[in-house]
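Coordinates from entry28.pdb are shown below (PDB, C-alpha atoms).
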```pdb
ATOM      1  CA  MET A   1      57.091  96.017  88.554
ATOM      2  CA  PRO A   2      60.032  94.392  90.385
ATOM      3  CA  ARG A   3      59.736  94.000  94.127
ATOM      4  CA  ILE A   4      62.047  96.218  96.194
ATOM      5  CA  THR A   5      63.752  94.494  99.108
ATOM      6  CA  GLY A   6      65.281  96.374 102.008
ATOM      7  CA  GLY A   7      64.080  99.568 103.628
ATOM      8  CA  SER A   8      65.013 101.865 100.753
ATOM      9  CA  LEU A   9      66.054 101.824  97.131
ATOM     10  CA  ALA A  10      69.681 102.268  98.237
ATOM     11  CA  GLU A  11      69.424  99.201 100.495
ATOM     12  CA  HIS A  12      67.812  97.253  97.685
ATOM     13  CA  ARG A  13      70.646  98.158  95.303
ATOM     14  CA  ALA A  14      73.239  97.241  97.944
ATOM     15  CA  GLN A  15      71.584  93.860  98.487
ATOM     16  CA  ILE A  16      71.518  93.159  94.740
ATOM     17  CA  HIS A  17      75.182  94.151  94.439
ATOM     18  CA  GLN A  18      76.137  91.915  97.385
ATOM     19  CA  ARG A  19      74.394  88.971  95.760
ATOM     20  CA  VAL A  20      76.011  89.696  92.399
ATOM     21  CA  PHE A  21      79.457  89.947  94.026
ATOM     22  CA  ALA A  22      78.956  86.676  95.900
ATOM     23  CA  ALA A  23      77.803  84.929  92.720
ATOM     24  CA  PHE A  24      80.730  86.376  90.765
ATOM     25  CA  ALA A  25      83.240  85.234  93.410
ATOM     26  CA  ASP A  26      81.740  81.729  93.421
ATOM     27  CA  LEU A  27      81.891  81.523  89.635
ATOM     28  CA  LEU A  28      85.449  82.862  89.523
ATOM     29  CA  ALA A  29      86.501  80.124  91.950
ATOM     30  CA  GLU A  30      85.156  77.532  89.506
ATOM     31  CA  ARG A  31      86.152  78.903  86.107
ATOM     32  CA  SER A  32      88.036  81.558  84.206
ATOM     33  CA  PHE A  33      86.707  85.063  83.748
ATOM     34  CA  ASP A  34      86.229  84.414  80.012
ATOM     35  CA  ALA A  35      83.989  81.437  80.800
ATOM     36  CA  ILE A  36      81.649  83.447  83.031
ATOM     37  CA  THR A  37      78.527  84.962  81.495
ATOM     38  CA  MET A  38      76.204  87.647  82.774
ATOM     39  CA  ALA A  39      73.409  85.053  82.693
ATOM     40  CA  GLN A  40      75.422  82.823  85.045
ATOM     41  CA  ILE A  41      76.101  85.730  87.395
ATOM     42  CA  ALA A  42      72.396  86.660  87.385
ATOM     43  CA  ALA A  43      71.369  83.071  88.087
ATOM     44  CA  GLY A  44      73.871  82.775  90.930
ATOM     45  CA  ALA A  45      72.642  86.066  92.391
ATOM     46  CA  GLU A  46      69.051  84.927  91.967
ATOM     47  CA  VAL A  47      68.094  87.956  89.903
ATOM     48  CA  GLY A  48      66.645  88.141  86.445
ATOM     49  CA  ARG A  49      68.876  88.610  83.437
ATOM     50  CA  THR A  50      67.342  92.023  82.754
ATOM     51  CA  THR A  51      67.749  93.021  86.415
ATOM     52  CA  ILE A  52      71.491  92.472  86.386
ATOM     53  CA  TYR A  53      71.817  94.768  83.361
ATOM     54  CA  HIS A  54      70.057  97.540  85.311
ATOM     55  CA  HIS A  55      72.951  97.405  87.762
ATOM     56  CA  PHE A  56      75.912  96.438  85.542
ATOM     57  CA  PRO A  57      76.146  96.906  81.767
ATOM     58  CA  ASP A  58      78.644  94.043  81.332
ATOM     59  CA  LYS A  59      80.816  91.618  83.259
ATOM     60  CA  GLU A  60      83.787  93.991  83.107
ATOM     61  CA  SER A  61      81.663  96.441  85.117
ATOM     62  CA  VAL A  62      80.920  93.654  87.581
ATOM     63  CA  VAL A  63      84.612  92.935  88.122
ATOM     64  CA  VAL A  64      85.495  96.620  88.575
ATOM     65  CA  ALA A  65      82.624  97.134  91.042
ATOM     66  CA  PHE A  66      83.613  93.910  92.810
ATOM     67  CA  ALA A  67      87.224  95.099  93.078
ATOM     68  CA  THR A  68      86.033  98.444  94.438
ATOM     69  CA  HIS A  69      83.876  96.700  97.020
ATOM     70  CA  GLU A  70      86.628  94.281  98.071
ATOM     71  CA  THR A  71      89.236  97.050  98.291
ATOM     72  CA  SER A  72      86.976  99.208 100.447
ATOM     73  CA  ARG A  73      86.293  96.322 102.827
ATOM     74  CA  TYR A  74      89.976  95.375 102.915
ATOM     75  CA  LEU A  75      91.169  98.930 103.588
ATOM     76  CA  GLN A  76      88.600  99.459 106.325
ATOM     77  CA  ARG A  77      89.722  96.306 108.128
ATOM     78  CA  LEU A  78      93.383  97.117 107.534
ATOM     79  CA  GLU A  79      93.014 100.579 109.065
ATOM     80  CA  GLU A  80      91.316  99.019 112.110
ATOM     81  CA  VAL A  81      94.203  96.556 112.515
ATOM     82  CA  LEU A  82      96.892  99.218 112.028
ATOM     83  CA  ALA A  83      95.227 101.540 114.535
ATOM     84  CA  GLN A  84      96.009  98.950 117.227
ATOM     85  CA  ALA A  85      99.751  98.918 116.459
ATOM     86  CA  PRO A  86     101.830 101.237 118.677
ATOM     87  CA  ASP A  87     104.705 102.013 116.286
ATOM     88  CA  PRO A  88     105.772 101.664 112.627
ATOM     89  CA  ALA A  89     107.466  98.274 113.154
ATOM     90  CA  ALA A  90     104.319  96.884 114.754
ATOM     91  CA  ARG A  91     102.249  98.453 111.971
ATOM     92  CA  LEU A  92     104.400  96.799 109.296
ATOM     93  CA  ARG A  93     104.137  93.441 111.051
ATOM     94  CA  ALA A  94     100.346  93.931 111.328
ATOM     95  CA  TYR A  95     100.152  94.928 107.639
ATOM     96  CA  VAL A  96     101.922  91.719 106.573
ATOM     97  CA  ARG A  97      99.891  89.494 108.886
ATOM     98  CA  HIS A  98      96.616  91.091 107.842
ATOM     99  CA  HIS A  99      97.392  90.777 104.154
ATOM    100  CA  LEU A 100      98.352  87.124 104.457
ATOM    101  CA  ALA A 101      95.340  86.275 106.618
ATOM    102  CA  SER A 102      92.875  88.150 104.426
ATOM    103  CA  GLY A 103      93.847  86.830 101.000
ATOM    104  CA  GLU A 104      90.983  84.386 100.669
ATOM    105  CA  GLU A 105      88.319  86.529 102.291
ATOM    106  CA  PHE A 106      88.989  89.590 100.156
ATOM    107  CA  HIS A 107      89.829  87.904  96.845
ATOM    108  CA  LEU A 108      93.098  89.763  96.605
ATOM    109  CA  GLY A 109      95.124  89.107  93.501
ATOM    110  CA  LEU A 110      92.255  89.314  91.026
ATOM    111  CA  GLY A 111      94.260  91.826  88.995
ATOM    112  CA  PRO A 112      96.968  89.518  87.628
ATOM    113  CA  ARG A 113      94.441  86.844  86.642
ATOM    114  CA  LEU A 114      92.186  89.275  84.850
ATOM    115  CA  TYR A 115      94.515  91.874  83.380
ATOM    116  CA  GLY A 116      94.930  90.047  80.087
ATOM    117  CA  VAL A 117      91.198  89.839  79.364
ATOM    118  CA  LEU A 118      89.977  93.224  80.579
ATOM    119  CA  PRO A 119      89.856  96.347  78.440
ATOM    120  CA  PRO A 120      92.388  99.065  79.335
ATOM    121  CA  GLU A 121      89.900 101.268  81.226
ATOM    122  CA  SER A 122      88.900  98.342  83.463
ATOM    123  CA  ARG A 123      92.552  97.426  84.058
ATOM    124  CA  GLU A 124      93.254 101.025  85.066
ATOM    125  CA  ALA A 125      90.288 101.072  87.462
ATOM    126  CA  ILE A 126      91.544  97.903  89.141
ATOM    127  CA  ARG A 127      95.090  99.293  89.271
ATOM    128  CA  GLU A 128      93.719 102.237  91.265
ATOM    129  CA  HIS A 129      92.663  99.759  93.954
ATOM    130  CA  VAL A 130      96.165  98.315  94.130
ATOM    131  CA  VAL A 131      97.550 101.838  94.481
ATOM    132  CA  ALA A 132      95.165 102.519  97.390
ATOM    133  CA  VAL A 133      96.556  99.517  99.273
ATOM    134  CA  GLU A 134     100.127 100.474  98.349
ATOM    135  CA  GLU A 135      99.538 103.947  99.800
ATOM    136  CA  VAL A 136      98.856 102.441 103.212
ATOM    137  CA  LEU A 137     102.148 100.531 103.068
ATOM    138  CA  ARG A 138     103.942 103.633 101.783
ATOM    139  CA  GLU A 139     102.695 105.559 104.826
ATOM    140  CA  VAL A 140     103.867 102.809 107.209
ATOM    141  CA  LEU A 141     107.318 102.786 105.604
ATOM    142  CA  ASP A 142     107.552 106.597 105.601
ATOM    143  CA  ASP A 143     106.621 106.671 109.296
ATOM    144  CA  GLY A 144     109.280 104.044 110.015
ATOM    145  CA  GLN A 145     111.930 106.024 108.180
ATOM    146  CA  ARG A 146     111.036 109.241 109.998
ATOM    147  CA  ALA A 147     111.246 107.371 113.321
ATOM    148  CA  GLY A 148     114.692 106.002 112.369
ATOM    149  CA  LEU A 149     113.411 102.399 112.470
ATOM    150  CA  PHE A 150     113.515 101.604 108.750
ATOM    151  CA  THR A 151     116.101 102.056 106.061
ATOM    152  CA  VAL A 152     114.483 102.295 102.650
ATOM    153  CA  ASP A 153     116.697 103.378  99.751
ATOM    154  CA  ASP A 154     114.108 102.970  96.986
ATOM    155  CA  LEU A 155     110.542 103.216  98.256
ATOM    156  CA  ASP A 156     108.850 102.024  95.057
ATOM    157  CA  ALA A 157     111.107  98.982  94.809
ATOM    158  CA  THR A 158     110.581  98.233  98.505
ATOM    159  CA  LEU A 159     106.783  98.384  98.051
ATOM    160  CA  ALA A 160     106.976  95.949  95.142
ATOM    161  CA  LEU A 161     109.342  93.604  96.977
ATOM    162  CA  ILE A 162     107.214  93.531 100.121
ATOM    163  CA  HIS A 163     104.089  92.787  98.104
ATOM    164  CA  ALA A 164     105.970  90.041  96.262
ATOM    165  CA  CYS A 165     106.658  88.462  99.661
ATOM    166  CA  LEU A 166     102.922  88.492 100.382
ATOM    167  CA  ALA A 167     101.955  86.117  97.582
ATOM    168  CA  PRO A 168     100.472  82.965  99.139
ATOM    169  CA  ARG A 169     103.078  80.234  99.357
ATOM    170  CA  GLY A 170     101.988  78.312 102.433
ATOM    171  CA  LEU A 171     104.595  80.025 104.605
ATOM    172  CA  ALA A 172     103.921  80.924 108.206
ATOM    173  CA  PRO A 173     102.765  84.568 108.351
ATOM    174  CA  GLU A 174     105.145  85.281 111.224
ATOM    175  CA  SER A 175     108.106  84.078 109.115
ATOM    176  CA  VAL A 176     107.113  86.392 106.282
ATOM    177  CA  ALA A 177     106.592  89.314 108.692
ATOM    178  CA  THR A 178     109.998  88.752 110.294
ATOM    179  CA  PHE A 179     111.665  88.583 106.875
ATOM    180  CA  VAL A 180     109.993  91.816 105.714
ATOM    181  CA  LEU A 181     110.913  93.627 108.924
ATOM    182  CA  ARG A 182     114.530  92.535 108.609
ATOM    183  CA  ALA A 183     114.573  93.638 104.972
ATOM    184  CA  VAL A 184     113.825  97.213 106.016
ATOM    185  CA  SER A 185     116.169  97.010 109.023
ATOM    186  CA  ALA A 186     113.374  97.046 111.554
ATOM    187  CA  PRO A 187     114.024  95.666 115.037
TER
END
```
Would you mind writing the file's structure down as structure tokens?
Amino acid sequence: MPRITGGSLAEHRAQIHQRVFAAFADLLAERSFDAITMAQIAAGAEVGRTTIYHHFPDKESVVVAFATHETSRYLQRLEEVLAQAPDPAARLRAYVRHHLASGEEFHLGLGPRLYGVLPPESREAIREHVVAVEEVLREVLDDGQRAGLFTVDDLDATLALIHACLAPRGLAPESVATFVLRAVSAP
């Protein structure tokens, strides 16, 4: 009988998942998704090969669960940051800064690297996480338009263009934030 760690079965499962996610992230930093095996993830998480299959049927399930976990953490932190901003322009600046500062911590951008190797249902599940983040930006832009601070002719195009500006390029976050704010006519 496997030993249960944590105060409850739910805590035990959460601890196993955390270890699996950490192992997966470490492996993904070293090699391509195709080159990662469930056995490697289990070894990195320090769980048995049968144990990992009790939690995840395959590595595609690991990546979808990992994306769900990362998105939840990211959105929670983002909402905390945005709650401190007094107006839509400050919220947009905070959104840009947060996204740029959090890229490494939250493993953002997994989607483009993995889309070609994941089955359609896994790609769709990961896309839902992107949409959740986009909805936060959509709300910031809508608030800015209603306040008369932003001019946005095509909201979907503006979302895509802003996110394109957030790809890591070694630029100063403040420069990117200023550019984005000017693009939507914010003061």
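A straight line drawn from CA of Tyr74 in chain A to CA of Ala94 in chain A is 13.4 Å long.
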Residues picked by the PyMOL selection byres ((chain A and resi 92) around 8) here, as number ranges by chain?
-> A: 88-91, 93-96, 137, 140-141, 177, 181
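Of the residues under consideration (A:Phe24, A:Gly148, A:Arg123, A:Arg97), A:Arg97 shows the shortest atom-to-atom contact distance to Phe179 in chain A when counting all atoms listed in the file.
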In terms of all atoms listed in the file, the residue from A:Ala101, A:Leu75, A:Leu118, A:Ala14 at minimal distance from Phe33 in chain A is A:Leu118
Polymer residues at most 12 Å from Gln76 in chain A, all atoms listed in the file, same-chain spacing of 6 or more positions, as a ChimeraX atom specification | /A:69-70,82-83,98,106,132-133,136
Those same residues, written as a short mmCIF file (atom, residue, chain, number, x, y, z; two decimals), in the frame of the given file with C-alpha atoms?
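Wrote it out as part15.cif, contents follow:
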```
data_model
loop_
_atom_site.label_atom_id
_atom_site.label_comp_id
_atom_site.auth_asym_id
_atom_site.auth_seq_id
_atom_site.Cartn_x
_atom_site.Cartn_y
_atom_site.Cartn_z
CA HIS A 69 83.88 96.70 97.02
CA GLU A 70 86.63 94.28 98.07
CA LEU A 82 96.89 99.22 112.03
CA ALA A 83 95.23 101.54 114.54
CA HIS A 98 96.62 91.09 107.84
CA PHE A 106 88.99 89.59 100.16
CA ALA A 132 95.16 102.52 97.39
CA VAL A 133 96.56 99.52 99.27
CA VAL A 136 98.86 102.44 103.21
#
```
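Running the PyMOL selection byres ((chain A and resi 39) around 10) on this file leaves A:Ile36, A:Thr37, A:Met38, A:Gln40, A:Ile41, A:Ala42, A:Ala43, A:Gly44, A:Ala45, A:Val47, A:Gly48, A:Arg49, A:Thr50, A:Ile52, A:Tyr53, A:Lys59 selected.
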Separation of CA of Phe21 in chain A and CA of Arg77 in chain A, in Å?
->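 Between these atoms lies a distance of 18.6 Å.
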Using CA of Val20 in chain A and CA of Ala125 in chain A as the two end points, give the distance in Å to one decimal.
->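 Between CA of Val20 in chain A and CA of Ala125 in chain A the gap works out to 18.9 Å.
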Which of these residues is nearest to Asp58 in chain A, using all atoms listed in the file: A:Ala22, A:Leu166, A:Thr158, A:Ser122?
->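 Of A:Ala22, A:Leu166, A:Thr158, A:Ser122, the one nearest Asp58 in chain A, counting all atoms listed in the file, is A:Ser122.
Nearest to His12 in chain A of all the residues A:Leu155, A:Glu30, A:His55, A:Val64 is A:His55, counting all atoms listed in the file.
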Find the residue from A:Thr68, A:Thr178, A:Thr151, A:Ser61 that sits nearest to Arg127 in chain A; use all atoms listed in the file when measuring.
-> A:Thr68
Can you tell me, as JSON, the centre and edge lengths (Å, one decimal) of the axis-aligned box enclosing all of range 37-52 of chain A's listed atoms after padding each side by 5 Å?
```
{"center_x": 72.6, "center_y": 87.9, "center_z": 86.9, "size_x": 21.9, "size_y": 20.2, "size_z": 20.9}
```
Could you model all heavy atoms for range 125-136 of chain A and present them as an mmCIF file, in the frame of the given file?
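Below you can see selection.cif, which holds the result:
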```cif
data_model
loop_
_atom_site.group_PDB
_atom_site.id
_atom_site.type_symbol
_atom_site.label_atom_id
_atom_site.label_comp_id
_atom_site.auth_asym_id
_atom_site.auth_seq_id
_atom_site.Cartn_x
_atom_site.Cartn_y
_atom_site.Cartn_z
ATOM 1 N N ALA A 125 91.144 100.942 86.271
ATOM 2 C CA ALA A 125 90.288 101.072 87.462
ATOM 3 C C ALA A 125 90.739 100.096 88.545
ATOM 4 O O ALA A 125 90.786 100.454 89.733
ATOM 5 C CB ALA A 125 88.829 100.836 87.094
ATOM 6 N N ILE A 126 91.074 98.886 88.158
ATOM 7 C CA ILE A 126 91.544 97.903 89.141
ATOM 8 C C ILE A 126 92.913 98.303 89.668
ATOM 9 O O ILE A 126 93.200 98.152 90.856
ATOM 10 C CB ILE A 126 91.523 96.480 88.548
ATOM 11 C CG1 ILE A 126 90.065 96.023 88.405
ATOM 12 C CG2 ILE A 126 92.312 95.506 89.424
ATOM 13 C CD1 ILE A 126 89.878 94.699 87.736
ATOM 14 N N ARG A 127 93.764 98.839 88.829
ATOM 15 C CA ARG A 127 95.090 99.293 89.271
ATOM 16 C C ARG A 127 94.964 100.366 90.356
ATOM 17 O O ARG A 127 95.759 100.420 91.288
ATOM 18 C CB ARG A 127 95.888 99.818 88.079
ATOM 19 C CG ARG A 127 97.221 100.430 88.431
ATOM 20 C CD ARG A 127 98.232 99.400 88.897
ATOM 21 N NE ARG A 127 99.427 100.088 89.367
ATOM 22 C CZ ARG A 127 100.059 99.801 90.478
ATOM 23 N NH1 ARG A 127 99.666 98.804 91.223
ATOM 24 N NH2 ARG A 127 101.110 100.477 90.854
ATOM 25 N N GLU A 128 93.937 101.209 90.248
ATOM 26 C CA GLU A 128 93.719 102.237 91.265
ATOM 27 C C GLU A 128 93.492 101.616 92.642
ATOM 28 O O GLU A 128 93.883 102.182 93.654
ATOM 29 C CB GLU A 128 92.539 103.127 90.877
ATOM 30 C CG GLU A 128 92.842 104.038 89.708
ATOM 31 C CD GLU A 128 91.628 104.819 89.233
ATOM 32 O OE1 GLU A 128 90.640 104.937 89.996
ATOM 33 O OE2 GLU A 128 91.669 105.304 88.097
ATOM 34 N N HIS A 129 92.892 100.437 92.681
ATOM 35 C CA HIS A 129 92.663 99.759 93.954
ATOM 36 C C HIS A 129 93.979 99.255 94.535
ATOM 37 O O HIS A 129 94.188 99.317 95.750
ATOM 38 C CB HIS A 129 91.667 98.610 93.789
ATOM 39 C CG HIS A 129 90.363 99.069 93.235
ATOM 40 N ND1 HIS A 129 89.576 99.990 93.859
ATOM 41 C CD2 HIS A 129 89.723 98.751 92.097
ATOM 42 C CE1 HIS A 129 88.500 100.217 93.137
ATOM 43 N NE2 HIS A 129 88.566 99.482 92.058
ATOM 44 N N VAL A 130 94.843 98.770 93.682
ATOM 45 C CA VAL A 130 96.165 98.315 94.130
ATOM 46 C C VAL A 130 96.935 99.502 94.699
ATOM 47 O O VAL A 130 97.568 99.404 95.752
ATOM 48 C CB VAL A 130 96.938 97.655 92.963
ATOM 49 C CG1 VAL A 130 98.367 97.350 93.356
ATOM 50 C CG2 VAL A 130 96.217 96.407 92.480
ATOM 51 N N VAL A 131 96.856 100.630 94.024
ATOM 52 C CA VAL A 131 97.550 101.838 94.481
ATOM 53 C C VAL A 131 97.034 102.272 95.850
ATOM 54 O O VAL A 131 97.817 102.682 96.717
ATOM 55 C CB VAL A 131 97.417 102.972 93.438
ATOM 56 C CG1 VAL A 131 97.903 104.299 93.992
ATOM 57 C CG2 VAL A 131 98.177 102.604 92.167
ATOM 58 N N ALA A 132 95.732 102.139 96.088
ATOM 59 C CA ALA A 132 95.165 102.519 97.390
ATOM 60 C C ALA A 132 95.771 101.678 98.511
ATOM 61 O O ALA A 132 96.087 102.195 99.592
ATOM 62 C CB ALA A 132 93.643 102.372 97.363
ATOM 63 N N VAL A 133 95.944 100.393 98.270
ATOM 64 C CA VAL A 133 96.556 99.517 99.273
ATOM 65 C C VAL A 133 98.040 99.855 99.415
ATOM 66 O O VAL A 133 98.569 99.918 100.526
ATOM 67 C CB VAL A 133 96.345 98.032 98.908
ATOM 68 C CG1 VAL A 133 97.112 97.119 99.859
ATOM 69 C CG2 VAL A 133 94.851 97.680 98.910
ATOM 70 N N GLU A 134 98.712 100.105 98.300
ATOM 71 C CA GLU A 134 100.127 100.474 98.349
ATOM 72 C C GLU A 134 100.342 101.756 99.148
ATOM 73 O O GLU A 134 101.357 101.896 99.827
ATOM 74 C CB GLU A 134 100.687 100.649 96.933
ATOM 75 C CG GLU A 134 100.899 99.356 96.194
ATOM 76 C CD GLU A 134 101.361 99.563 94.763
ATOM 77 O OE1 GLU A 134 101.287 100.705 94.238
ATOM 78 O OE2 GLU A 134 101.798 98.576 94.153
ATOM 79 N N GLU A 135 99.399 102.678 99.067
ATOM 80 C CA GLU A 135 99.538 103.947 99.800
ATOM 81 C C GLU A 135 99.565 103.724 101.309
ATOM 82 O O GLU A 135 100.263 104.435 102.032
ATOM 83 C CB GLU A 135 98.426 104.923 99.409
ATOM 84 C CG GLU A 135 98.634 105.563 98.058
ATOM 85 C CD GLU A 135 99.976 106.272 97.928
ATOM 86 O OE1 GLU A 135 100.345 107.063 98.834
ATOM 87 O OE2 GLU A 135 100.673 106.007 96.927
ATOM 88 N N VAL A 136 98.831 102.752 101.780
ATOM 89 C CA VAL A 136 98.856 102.441 103.212
ATOM 90 C C VAL A 136 100.258 101.947 103.595
ATOM 91 O O VAL A 136 100.833 102.397 104.588
ATOM 92 C CB VAL A 136 97.780 101.392 103.572
ATOM 93 C CG1 VAL A 136 97.919 100.951 105.028
ATOM 94 C CG2 VAL A 136 96.389 101.939 103.298
#
```
